Amino acid sequence: MSENNDGHDDGHHVNYRGIYIALLILFLISVAGPEIGERMGLPWLTLVTAFGIAIVKARLVINNFMHLAWEKRIMKWVLATSVILMFLMVAGVSPDVMNHEGNNWENLAAKEAVQRGLAEAAGYSDEEGEAAEEAEVVVAAGFSAATSYGQICATCHGAEGAGDGIAGAALDPAPANFTDLAFWNDPIRTDNVRERVLTVIRDGGPAIGASALMAPWGALYTDDQLEEMVDFVLSFRPNP
Amino acid sequence: MAHARPIATTRSATGIPTPRLAIWWIVASEVVIFGGLLGVYLMHRIGHPEWAEAASHTQTWLGAINTFVLLTSSFTAVLAHQAAEKGKGKEAAKLLGFTILGAMMFLMIKSYEWYGEIAAGYTITANTFWSFYYTAAGLHALHVIAGAIIMGFIAVDAYRGRELHRVEIIGIYWHFVDVVWIFLFPPLYIAK
């Protein structure tokens with residue numbers, strides 16, 4: 001290796017070894033942060049340490065290793081144009097990709113893919129002529145309402161029921177916040193609340209006039225298990 | 001004029017040497033290719049909660065080791081550039097050799113990782129998550145292979161003290177390949 005790590009390019013000095021060590025430290029944080037975030041249920045820590053640090057690392061490499069910081073200004077504009085065009089493209093298609101329905105359209109294939117995928121994730125293989133009994137047996141083998149909630153519901157409704165799951169962030173309307181008293185006081189579920197919650201879990205949101213983004217899960221569970229799921233969801237309800 | 005350089009390698013309206021200008025254009029176009037791919041992945045990931053299950057099967061530690069390998073290879077690439085600027089062709093060639101070694105380690109680890117995934121049934125057609133996984137990481141791996149091959153030619157020249165300015169050019173490309181991995185690593189391996 002070189003005995004001297006000071007860069008001498010067009011008169012600028014870069015401590016390459018220092019940059020490299022900084023990159024390694026940031027790398028370690030970007031691996032440890034999400035692990036801690038996941039264990040402590042802090043999604044923001046996961047996102048900041050994973051994606052925020054990636055941006056910092058990329059900046060260090062681009063400015064100091066690629067020497068963009070000392071490059072002629074026109075090149076920075078060319079690269080910035082590329083980045084802006086890329087973001088424009090992504091932003092332009094995002095409403096169609098991230099939503100699965102709009103005012104006059106519905107992406108049935110995507111919706112089915114979500115349901116099928118979540119069902120498979122829960123240990124149930126969705127074959128032709130799906131056998132609900134088979135599903136019941138599979139789920140019953142290791143069923144607990146808390147685990148099932150964690151695997152299926154928490155992605156949108158959040159681990160603590162606050163409607164803050166990672167996948168739910170982009171949904172409109174936002175996923176229900178079970179810890180919010182206003183949710184429970186909504187007229188569509190004040191009357192016989194237990195039956196209403198059961199209906200939504202089993203038959204999906206539209207069954208009681210709520211959002212279609214809440215999918216039906218009845219095929220996955222036995223009646224007893226559905227009752228346990230209802231108990232679990234009701235456990236988030238705050239005291240009035 | 002038999003030994004004159006072609007005008008295209010010296011003339012530049014921007015004030016940037018033509019080879020460097022060319023590699024920046026390549027990087028600018030690659031930004032759209034990889035940026036678009038990654039952006040579309042993230043949008044799908046947000047719209048598809050069921051991908052969490054598939055994503056949970058990627059092997060974080062192999063991805064992390066590969067990140068370390070690429071960061072280190074970027075470090076040796078920039079040291080090669082530094083040596084080339086001082087006219088130390090042999091030193092630059094040796095450091096490019098280390099960088100190529102890093103590329104080969106990266107590809108071996110990647111092959112081992114993919115072998116495990118494919119053996120477990122997670123193929124490119126298993127579902128859309130795995131399609132993205134293999135497309136993004138595969139396109140990146142192709143860039144690693146291309147970079148390593150070109151770097152080999154440049155290292156041979158540098159060893160003989162020829163065309164030392166090319167060390168910087170391949171370096172810029174290599175750091176970009178590193179930057180792409182820096183952005184692929186979080187969504188595919190850690191914040192799944």
# chains A, B, ... in the order shown; residues from 1 in each chain; ligands from 1

$ residues_around --residues "segment 189-201 of chain A" --least-positions-apart "6" --cutoff "10 Å" --atoms "only C-alpha atoms" --output "number ranges by chain"
A: 153, 183, 207-211, 214-218, 221, 223, 226-231, 233-234

$ closest_atom_pairs --of "chain A" --to "chain B" --cutoff "6 Å" --atoms "only C-alpha atoms" --output "Markdown table"
| residue | atom | partner | partner_atom | distance |
| --- | --- | --- | --- | --- |
| A:Ala50 | CA | B:Pro186 | CA | 5.3 |
| A:Ala54 | CA | B:Ile182 | CA | 5.8 |
| A:Ala58 | CA | B:Val179 | CA | 5.4 |
| A:Phe65 | CA | B:Val78 | CA | 5.9 |
| A:Met66 | CA | B:Ile172 | CA | 5.1 |
| A:Leu79 | CA | B:Ala28 | CA | 5.2 |
| A:Ser82 | CA | B:Ala28 | CA | 5.7 |
| A:Met86 | CA | B:Val32 | CA | 5.3 |
| A:Val90 | CA | B:Gly39 | CA | 6.0 |
| A:Met98 | CA | B:Gly47 | CA | 4.8 |
| A:Val114 | CA | B:Glu50 | CA | 5.7 |
| A:Gly117 | CA | B:Glu50 | CA | 5.0 |
| A:Leu118 | CA | B:Glu50 | CA | 4.8 |
| A:Ala121 | CA | B:Glu53 | CA | 5.8 |
| A:Ala167 | CA | B:Ile46 | CA | 5.2 |

$ select_by_dssp --residues "segment 53-229 of chain A" --states "alpha helix (DSSP H)" --output "ChimeraX atom specification"
/A:53-60,73-98,108-121,132-141,145-148,154-157,181-184,187-190,193-203,223-229

$ residues_around --residues "Ala176 of chain A" --least-positions-apart "4" --cutoff "8 Å" --atoms "only C-alpha atoms" --output "list in words"
His157, Ala162, Gly163 and Phe183 of chain A

$ closest_residue --among "B:Val69, B:Thr58, B:Ile26, B:Gly87" --to "Leu24 of chain A" --atoms "only C-alpha atoms"
B:Val69

$ select_by_dssp --residues "segment 3-117 of chain A" --states "strand (DSSP E or B)" --output "list in words"
Asp6, Asp9, His12, Asn15, Glu101 and Glu106 of chain A

$ residues_around --residues "Ala84 of chain B" --least-positions-apart "6" --cutoff "9 Å" --atoms "only C-alpha atoms" --output "list in words"
Lys90, Glu91, Ala92, Ala93, Ala158, Gly161, Leu164, His165, Arg166, Val167 and Glu168 of chain B

$ closest_residue --among "B:Leu101, B:Ile154, B:Val177, B:Leu188" --to "Phe129 of chain B" --atoms "only C-alpha atoms"
B:Leu188

$ residues_around --residues "Leu60 of chain A" --least-positions-apart "2" --cutoff "10 Å" --atoms "only C-alpha atoms" --output "CSV table (one decimal) with C-alpha atoms, in the first residue's frame"
chain,number,residue,atom,x,y,z
A,19,ILE,CA,-12.7,8.3,4.4
A,20,TYR,CA,-12.4,4.5,4.2
A,22,ALA,CA,-15.6,6.5,8.1
A,23,LEU,CA,-17.3,4.3,5.5
A,54,ALA,CA,-26.7,4.8,2.6
A,55,ILE,CA,-27.0,8.4,1.4
A,56,VAL,CA,-24.2,9.6,3.6
A,57,LYS,CA,-21.9,6.7,2.5
A,58,ALA,CA,-22.7,7.4,-1.2
A,62,ILE,CA,-18.9,10.3,-4.8
A,63,ASN,CA,-17.2,13.4,-3.4
A,64,ASN,CA,-13.9,11.9,-2.2
A,65,PHE,CA,-13.3,8.7,-4.2
A,66,MET,CA,-14.9,9.8,-7.5
A,67,HIS,CA,-13.6,13.4,-6.8
A,69,ALA,CA,-16.4,17.6,-5.3
B,179,VAL,CA,-22.4,3.3,-4.8

$ residues_around --residues "Glu117 of chain B" --least-positions-apart "6" --cutoff "10 Å" --atoms "only C-alpha atoms" --output "ChimeraX atom specification"
/B:57-59,111,123-124,130

$ closest_residue --among "A:Ala122, A:Asp186, A:Arg17, A:Val48" --to "Ser148 of chain A" --atoms "only C-alpha atoms"
A:Ala122

$ closest_residue --among "B:Phe98, B:Ile170, B:Ser56, B:Ala13" --to "His143 of chain B" --atoms "only C-alpha atoms"
B:Ile170

$ residues_around --residues "Glu101 of chain A" --least-positions-apart "5" --cutoff "12 Å" --atoms "only C-alpha atoms" --output "JSON, numbers by chain"
{"A": [95, 96, 106, 107, 108, 109, 110, 111, 171, 172, 173, 211, 212, 213], "B": [47]}

$ closest_residue --among "A:Trp184, A:Phe178, A:Trp105, A:Phe51" --to "Val31 of chain A" --atoms "only C-alpha atoms"
A:Phe51
